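To start, the structure itself, in structure tokens.
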Amino acid sequence: MSDSNNNQQWIANFIWGIADDVLRDVYVRGKYRDVILPMIVIRRLDAVLEPTKEKVLSMKTLLDAAGSVDQHAALCHASGEAFYNTSKFTLRDLHSRAKQQQLRSDFEAYLNGFSANVQEILDKFQFRNQIDKLVEADILGSLIEKFLDSSVNLSPKPILDPKGEVKIPGLDNHGMGTIFEELIRRFNEENNEEAGEHFTPRDVVKLMADLVFFPIADQISSGTYLVYDGACGTGGMLTVAEERLAELARTNGKEVSIHLFGQEVNPETYAITKSDLLLKGDGTEAENMRSNSTLSSDGFPTQEFDFMLSNPPYGKSWKTDLERMGGKEGIKDPRFMISYAGEPEYSLLTRSSDGQLLFLVNMITKMKRGSKLGSRIAEVHNGSSLFTGDAGQGESNIRRWIMENDWLEAIIALPLNMFYNTGIQTYIWVLTNHKGERRRGKVQLIDATAWFKILRKNLGMKNCELSEDDRRRIVENLLDFKETEYSKIFLNETFGYEKVIVERPLRVRNINPNRAYTPSEIKALKAKGIVDQTSPPVIKTIHKTGNVKADPLRGLFETTIDGDRCIVEYEPDIELRDTEHVRLLEPGGIESFFRREVLPYAPDAWIDEASTKVGYEISFTRYFYKPHALRSLEEIRNDILATEKEVGGMLDELLGRGN
């Protein structure tokens, strides 16, 4: 485990200790978060503002004396940050107050002194609702004092010793996110609750950034780039992507301006994100963050982005979002109901139990269409995004839409247990709307499941990480674009199929085989239960041969009725209905498959052509399956003989035959 991971774990333990020491007997452990999370942010902001406190107070006095109304810019300049606090207090001024009511009054004045952009953060935490309880239990002072402990640094800036050397390192955005996730996990475990969304570890984020940027690193030019995350959590993915892009630009001698955009549904997580972007010193970036659900309340409906990275929630219901959007019958969101493949309302709506692919759709709709590089996307999914949903259903429709537009560049299978709160198999999807010539019409699958380094100590369920060498190896496989043991390249159509409905005629005893039956007559025949597979088929339509040509594969059979040649259609027997999946790359197509695989076993079958649907799925395991060598017959024989001998000895012992 790296030094930064050790430091983060130590800080998480330290803060958990504060909660246990101060809040026990006042809050149940699962409710510690209502106090601890906002206090972390408050102390983090407070530590940054401490050195410029007097400058801010002096500037406030001057501005008030001059009758200045819009003071924000001047006060930010005085604080040296994108936020400030105009109260006369810092947390250090408050912790020593003995009288709880005075402490309460001063603490509230301190909170009210923060700038408006911090007030929104406090409101999202609903922290003021906890003050009564903290004061009544006489623990507010102790809580503040614990957070001022000199051994812990919650600021992004390092604490220096008298010689100017780093005494305690700063805690960056991603480190803060890691601590936040660990504390959330502990809080929820105490209440036997789910741990929530899957925070993305830094090693995975770095890989995602490399997958997005390295393939076009030499094409990055000086200019402005927009980076977006539609499920931004604590913002770590955005900041790591920003650092990586800036580093590549510097390496290539380019000057770039990078702007971050994100949306997060969880109020606490959103507050963490916004506070850390304020700590970066750019208030504009913080204002580019949106709260509420990306699915039902898109914060950037008309914006396009150059680069997009995300780890959306998977296996999580989006039923509430669906209801807000009008339900499956009433939804009109142009992101998810589109005109495609000849259908004016082609649905990209997934099952309400899992909305992860909708986040990918949302990002695709925000791709830049007219820029030199287009847009690049990296998004984490679990295995269900590869294959869930039959032809014509939302998940399959999304995969089809992506494949047929040639947006999917690669999918990388990650090792198990890469995330803090889940050990399931995960994959990174890499998409672009500006593929290079050699990649057009193709998809690359990379099996990176065996490339990892074991952690000395687990972080939740995370027991391994991607080392720098592992990440380099994955990126090199992507860039090389070659067939190897771990890299497979396929035509897009490889993953497509047509779902064919196979019908067979309804056969009923004691009917007239030479006339057509009406729908009501057919219904009555079925109700009588006189279906018999040895009886004649029920005709539902008769055509003259001059009007319709025979085509048995499509249910148009030539026969003789009353001496006249004619074409008939039979009523299908729904009990005999079957489906076949025919690959898009099937030699000879559906007809060849049908003649080879169906007609020899059901000569009276036909295809319901109007019901044929196109679907796409990706069976990752199939392409990387490595069969184990079979045991030899001699080994099996020896095992059987040894077992017989062992069982025989046990019987002798039980029956006393050995004495």
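Just remember, in the structure tokens the first chain shown is A, the second B, etc., residues are 1-based per chain, and ligands are 1-based in the order shown.
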I'd like the contact shell of Phe620 (chain A) - 9 Å cut-off, only C-alpha atoms, skipping same-chain residues fewer than 3 positions apart - returned as a CSV table (one decimal) with C-alpha atoms, in the first residue's frame.
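This is the output file part.csv:
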```csv
chain,number,residue,atom,x,y,z
A,383,GLY,CA,-21.1,-7.2,-16.8
A,386,LEU,CA,-22.6,-6.3,-22.1
A,413,ALA,CA,-12.1,-6.2,-18.4
A,445,LEU,CA,-11.6,-6.4,-26.3
A,447,ASP,CA,-8.6,-8.9,-21.0
A,623,TYR,CA,-13.6,-14.8,-26.5
A,624,PHE,CA,-11.1,-15.3,-23.8
A,625,TYR,CA,-12.1,-18.7,-22.5
```
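For Phe490 (chain A), the list of residues within 8 Å, based on only C-alpha atoms and with local chain neighbours fewer than 3 positions off taken out, reads Lys442, Val443, Gln444 and Thr494 of chain A.
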Could you name the residues that touch Gln102 (chain A) at 12 Å or less, counting only C-alpha atoms, but leaving out those on the same chain fewer than 5 positions away, as a list in words?
-> Leu94, His95, Ser96, Arg97, Phe107, Glu108, Ala109, Val135, Asp138, Leu140 and Gly141 of chain A
Name the residues in contact with Gln130 (chain A) at a cut-off of 12 Å, using only C-alpha atoms, excluding same-chain residues fewer than 4 positions from it; report them as a PyMOL selection string.
-> chain A and resi 23+26-27+31-36+38-39+104+108+122-123+125-126+134-137+139-140
Among region 489-591 of chain A, which residues carry a DSSP assignment of strand (DSSP E), reported as a ChimeraX atom specification?
-> /A:489-491,496-503,539-544,557-561,564-570,578-583
So how far away is CA of Ala286 (chain A) from CA of Leu75 (chain A), in Å?
->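 The value is 17.2 Å.
Excluding region 479-488 of chain A itself and any same-chain residue fewer than 2 positions from it, the protein and nucleic acid residues within 10 Å of it, counting only C-alpha atoms, are Leu211, Phe214, Pro215, Ile216, Ala410, Ile412, Arg438, Arg439, Val443, Gln444, Leu445, Ile446, Asp447, Ala448, Thr449, Ala450, Arg473, Ile474, Val475, Glu476, Asn477, Phe490, Tyr623 and Phe624 of chain A.
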Tell me which protein, DNA and RNA residues are within 12 Å of Pro51 (chain A), counting only C-alpha atoms, leaving out same-chain ones fewer than 3 positions away, and put them as a PDB file with N, CA, C and O atoms, in the first residue's frame.
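Below you can see out_5.pdb, which holds the result:
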```pdb
ATOM      1  N   LEU A  45     -12.070  23.902   4.887  1.00  0.00           N
ATOM      2  CA  LEU A  45     -12.165  25.282   4.416  1.00  0.00           C
ATOM      3  C   LEU A  45     -11.514  26.243   5.407  1.00  0.00           C
ATOM      4  O   LEU A  45     -10.800  27.180   5.021  1.00  0.00           O
ATOM      5  N   ASP A  46     -11.769  25.994   6.694  1.00  0.00           N
ATOM      6  CA  ASP A  46     -11.250  26.865   7.750  1.00  0.00           C
ATOM      7  C   ASP A  46      -9.725  26.905   7.750  1.00  0.00           C
ATOM      8  O   ASP A  46      -9.115  27.974   7.897  1.00  0.00           O
ATOM      9  N   ALA A  47      -9.107  25.728   7.561  1.00  0.00           N
ATOM     10  CA  ALA A  47      -7.641  25.658   7.584  1.00  0.00           C
ATOM     11  C   ALA A  47      -7.027  26.474   6.457  1.00  0.00           C
ATOM     12  O   ALA A  47      -5.971  27.097   6.631  1.00  0.00           O
ATOM     13  N   VAL A  48      -7.691  26.491   5.308  1.00  0.00           N
ATOM     14  CA  VAL A  48      -7.177  27.249   4.166  1.00  0.00           C
ATOM     15  C   VAL A  48      -7.322  28.754   4.393  1.00  0.00           C
ATOM     16  O   VAL A  48      -6.470  29.542   3.972  1.00  0.00           O
ATOM     17  N   GLU A  54      -7.098  38.027   8.816  1.00  0.00           N
ATOM     18  CA  GLU A  54      -7.035  39.455   9.130  1.00  0.00           C
ATOM     19  C   GLU A  54      -7.202  40.306   7.869  1.00  0.00           C
ATOM     20  O   GLU A  54      -7.830  41.365   7.904  1.00  0.00           O
ATOM     21  N   LYS A  55      -6.646  39.843   6.751  1.00  0.00           N
ATOM     22  CA  LYS A  55      -6.802  40.583   5.493  1.00  0.00           C
ATOM     23  C   LYS A  55      -8.271  40.664   5.086  1.00  0.00           C
ATOM     24  O   LYS A  55      -8.758  41.702   4.624  1.00  0.00           O
ATOM     25  N   VAL A  56      -8.979  39.571   5.263  1.00  0.00           N
ATOM     26  CA  VAL A  56     -10.399  39.541   4.898  1.00  0.00           C
ATOM     27  C   VAL A  56     -11.200  40.494   5.780  1.00  0.00           C
ATOM     28  O   VAL A  56     -12.048  41.254   5.290  1.00  0.00           O
ATOM     29  N   LEU A  57     -10.922  40.456   7.096  1.00  0.00           N
ATOM     30  CA  LEU A  57     -11.649  41.340   8.014  1.00  0.00           C
ATOM     31  C   LEU A  57     -11.351  42.804   7.711  1.00  0.00           C
ATOM     32  O   LEU A  57     -12.260  43.659   7.753  1.00  0.00           O
ATOM     33  N   ALA A  78      -8.875  39.115  -1.186  1.00  0.00           N
ATOM     34  CA  ALA A  78      -8.236  39.232   0.131  1.00  0.00           C
ATOM     35  C   ALA A  78      -7.935  37.863   0.726  1.00  0.00           C
ATOM     36  O   ALA A  78      -6.885  37.661   1.352  1.00  0.00           O
ATOM     37  N   SER A  79      -8.841  36.915   0.531  1.00  0.00           N
ATOM     38  CA  SER A  79      -8.630  35.573   1.099  1.00  0.00           C
ATOM     39  C   SER A  79      -7.661  34.748   0.261  1.00  0.00           C
ATOM     40  O   SER A  79      -7.089  33.768   0.747  1.00  0.00           O
ATOM     41  N   GLY A  80      -7.508  35.137  -0.998  1.00  0.00           N
ATOM     42  CA  GLY A  80      -6.661  34.358  -1.890  1.00  0.00           C
ATOM     43  C   GLY A  80      -7.326  33.088  -2.370  1.00  0.00           C
ATOM     44  O   GLY A  80      -6.672  32.205  -2.931  1.00  0.00           O
ATOM     45  N   GLU A  81      -8.644  32.979  -2.148  1.00  0.00           N
ATOM     46  CA  GLU A  81      -9.395  31.787  -2.525  1.00  0.00           C
ATOM     47  C   GLU A  81     -10.665  32.201  -3.270  1.00  0.00           C
ATOM     48  O   GLU A  81     -10.933  33.385  -3.436  1.00  0.00           O
ATOM     49  N   TYR A  84     -14.650  32.843   1.176  1.00  0.00           N
ATOM     50  CA  TYR A  84     -14.114  33.591   2.319  1.00  0.00           C
ATOM     51  C   TYR A  84     -15.061  33.437   3.500  1.00  0.00           C
ATOM     52  O   TYR A  84     -16.154  32.855   3.380  1.00  0.00           O
ATOM     53  N   THR A  90     -12.401  32.141  13.763  1.00  0.00           N
ATOM     54  CA  THR A  90     -11.958  30.899  13.127  1.00  0.00           C
ATOM     55  C   THR A  90     -12.357  29.786  14.085  1.00  0.00           C
ATOM     56  O   THR A  90     -12.776  30.049  15.221  1.00  0.00           O
ATOM     57  N   LYS A 157      -3.388  21.914   1.475  1.00  0.00           N
ATOM     58  CA  LYS A 157      -2.041  22.488   1.522  1.00  0.00           C
ATOM     59  C   LYS A 157      -1.236  21.829   2.636  1.00  0.00           C
ATOM     60  O   LYS A 157      -1.759  21.568   3.722  1.00  0.00           O
ATOM     61  N   ILE A 159       1.374  21.214   5.799  1.00  0.00           N
ATOM     62  CA  ILE A 159       1.821  21.963   6.978  1.00  0.00           C
ATOM     63  C   ILE A 159       3.346  21.905   6.999  1.00  0.00           C
ATOM     64  O   ILE A 159       3.939  20.825   6.919  1.00  0.00           O
TER      65      ILE A 159
END
```
Find the spatial neighbours of region 235-252 of chain A, counting only C-alpha atoms, within a cut-off of 6 Å - ignore same-chain residues fewer than 2 positions away - and output them as a PDB file with all heavy atoms, in the first residue's frame.
```
ATOM      1  N   ASN A 173      -7.871  16.319  -3.544  1.00  0.00           N
ATOM      2  CA  ASN A 173      -9.276  16.008  -3.804  1.00  0.00           C
ATOM      3  C   ASN A 173      -9.548  14.512  -3.776  1.00  0.00           C
ATOM      4  O   ASN A 173     -10.510  14.052  -3.159  1.00  0.00           O
ATOM      5  CB  ASN A 173      -9.677  16.594  -5.168  1.00  0.00           C
ATOM      6  CG  ASN A 173     -11.045  16.134  -5.625  1.00  0.00           C
ATOM      7  OD1 ASN A 173     -11.177  15.053  -6.191  1.00  0.00           O
ATOM      8  ND2 ASN A 173     -12.060  16.942  -5.386  1.00  0.00           N
ATOM      9  N   HIS A 174      -8.714  13.731  -4.434  1.00  0.00           N
ATOM     10  CA  HIS A 174      -8.976  12.295  -4.505  1.00  0.00           C
ATOM     11  C   HIS A 174      -8.748  11.624  -3.161  1.00  0.00           C
ATOM     12  O   HIS A 174      -9.455  10.692  -2.788  1.00  0.00           O
ATOM     13  CB  HIS A 174      -8.116  11.641  -5.585  1.00  0.00           C
ATOM     14  CG  HIS A 174      -8.776  10.439  -6.183  1.00  0.00           C
ATOM     15  ND1 HIS A 174      -8.722   9.204  -5.607  1.00  0.00           N
ATOM     16  CD2 HIS A 174      -9.549  10.300  -7.289  1.00  0.00           C
ATOM     17  CE1 HIS A 174      -9.400   8.341  -6.334  1.00  0.00           C
ATOM     18  NE2 HIS A 174      -9.914   8.977  -7.361  1.00  0.00           N
ATOM     19  N   VAL A 205      -9.052   5.422 -11.959  1.00  0.00           N
ATOM     20  CA  VAL A 205      -9.259   6.736 -12.579  1.00  0.00           C
ATOM     21  C   VAL A 205      -8.081   7.093 -13.487  1.00  0.00           C
ATOM     22  O   VAL A 205      -8.260   7.596 -14.600  1.00  0.00           O
ATOM     23  CB  VAL A 205      -9.457   7.824 -11.509  1.00  0.00           C
ATOM     24  CG1 VAL A 205      -9.580   9.198 -12.154  1.00  0.00           C
ATOM     25  CG2 VAL A 205     -10.694   7.538 -10.674  1.00  0.00           C
ATOM     26  N   ALA A 209      -8.273   7.881 -17.470  1.00  0.00           N
ATOM     27  CA  ALA A 209      -7.736   9.106 -18.073  1.00  0.00           C
ATOM     28  C   ALA A 209      -6.738   8.766 -19.180  1.00  0.00           C
ATOM     29  O   ALA A 209      -6.755   9.377 -20.264  1.00  0.00           O
ATOM     30  CB  ALA A 209      -7.080   9.969 -17.004  1.00  0.00           C
ATOM     31  N   CYS A 232     -20.518  12.445 -10.920  1.00  0.00           N
ATOM     32  CA  CYS A 232     -19.166  12.879 -10.549  1.00  0.00           C
ATOM     33  C   CYS A 232     -18.753  12.566  -9.116  1.00  0.00           C
ATOM     34  O   CYS A 232     -17.592  12.754  -8.770  1.00  0.00           O
ATOM     35  CB  CYS A 232     -18.997  14.369 -10.829  1.00  0.00           C
ATOM     36  SG  CYS A 232     -19.980  15.464  -9.797  1.00  0.00           S
ATOM     37  N   GLY A 233     -19.667  12.072  -8.273  1.00  0.00           N
ATOM     38  CA  GLY A 233     -19.259  11.730  -6.915  1.00  0.00           C
ATOM     39  C   GLY A 233     -18.574  12.891  -6.232  1.00  0.00           C
ATOM     40  O   GLY A 233     -19.089  14.013  -6.213  1.00  0.00           O
ATOM     41  N   LYS A 254       2.147  22.447 -25.535  1.00  0.00           N
ATOM     42  CA  LYS A 254       0.882  23.112 -25.827  1.00  0.00           C
ATOM     43  C   LYS A 254       0.350  23.814 -24.578  1.00  0.00           C
ATOM     44  O   LYS A 254       0.617  23.388 -23.455  1.00  0.00           O
ATOM     45  CB  LYS A 254      -0.159  22.102 -26.324  1.00  0.00           C
ATOM     46  CG  LYS A 254       0.309  21.248 -27.496  1.00  0.00           C
ATOM     47  CD  LYS A 254       0.621  22.076 -28.727  1.00  0.00           C
ATOM     48  CE  LYS A 254       1.058  21.196 -29.893  1.00  0.00           C
ATOM     49  NZ  LYS A 254       1.412  21.978 -31.087  1.00  0.00           N
ATOM     50  N   THR A 273     -17.801  17.716  -3.438  1.00  0.00           N
ATOM     51  CA  THR A 273     -17.252  18.104  -4.743  1.00  0.00           C
ATOM     52  C   THR A 273     -17.103  19.606  -4.853  1.00  0.00           C
ATOM     53  O   THR A 273     -16.046  20.124  -5.245  1.00  0.00           O
ATOM     54  CB  THR A 273     -18.188  17.613  -5.870  1.00  0.00           C
ATOM     55  OG1 THR A 273     -18.364  16.210  -5.752  1.00  0.00           O
ATOM     56  CG2 THR A 273     -17.609  17.930  -7.229  1.00  0.00           C
TER      57      THR A 273
END
```
Which is closer to Asp298 (chain A) than all the others in A:Asp149, A:Glu255, A:Glu285, A:Asp229, using only C-alpha atoms?
->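 Comparing A:Asp149, A:Glu255, A:Glu285, A:Asp229 against Asp298 (chain A), the winner is A:Asp229.
The two atoms in question, CA of Gln263 (chain A) and CA of Glu345 (chain A), are spaced 27.3 Å apart.
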Which of region 42-195 of chain A counts as helix (DSSP H, G or I) under DSSP, as an MDAnalysis selection string please?
-> chainID A and resid 42:65 72:79 91:94 100:112 116:125 127:136 140:147 173:190
So which one's closest to Glu609 (chain A), A:Ile398, A:Leu279, A:Val502, A:Val531? Using only C-alpha atoms, please.
-> A:Val502
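Distance annotation: of A:Phe180, A:Lys88, A:Val22, A:Cys76, the residue with the minimal separation from Lys146 (chain A) is A:Val22; atom set is only C-alpha atoms.
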With distances taken over only C-alpha atoms, which of A:Val647, A:Arg595, A:Phe127, A:Arg186 is nearest to Arg29 (chain A)?
->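 Looking only at the distances to Arg29 (chain A), the closest residue turns out to be A:Arg186.
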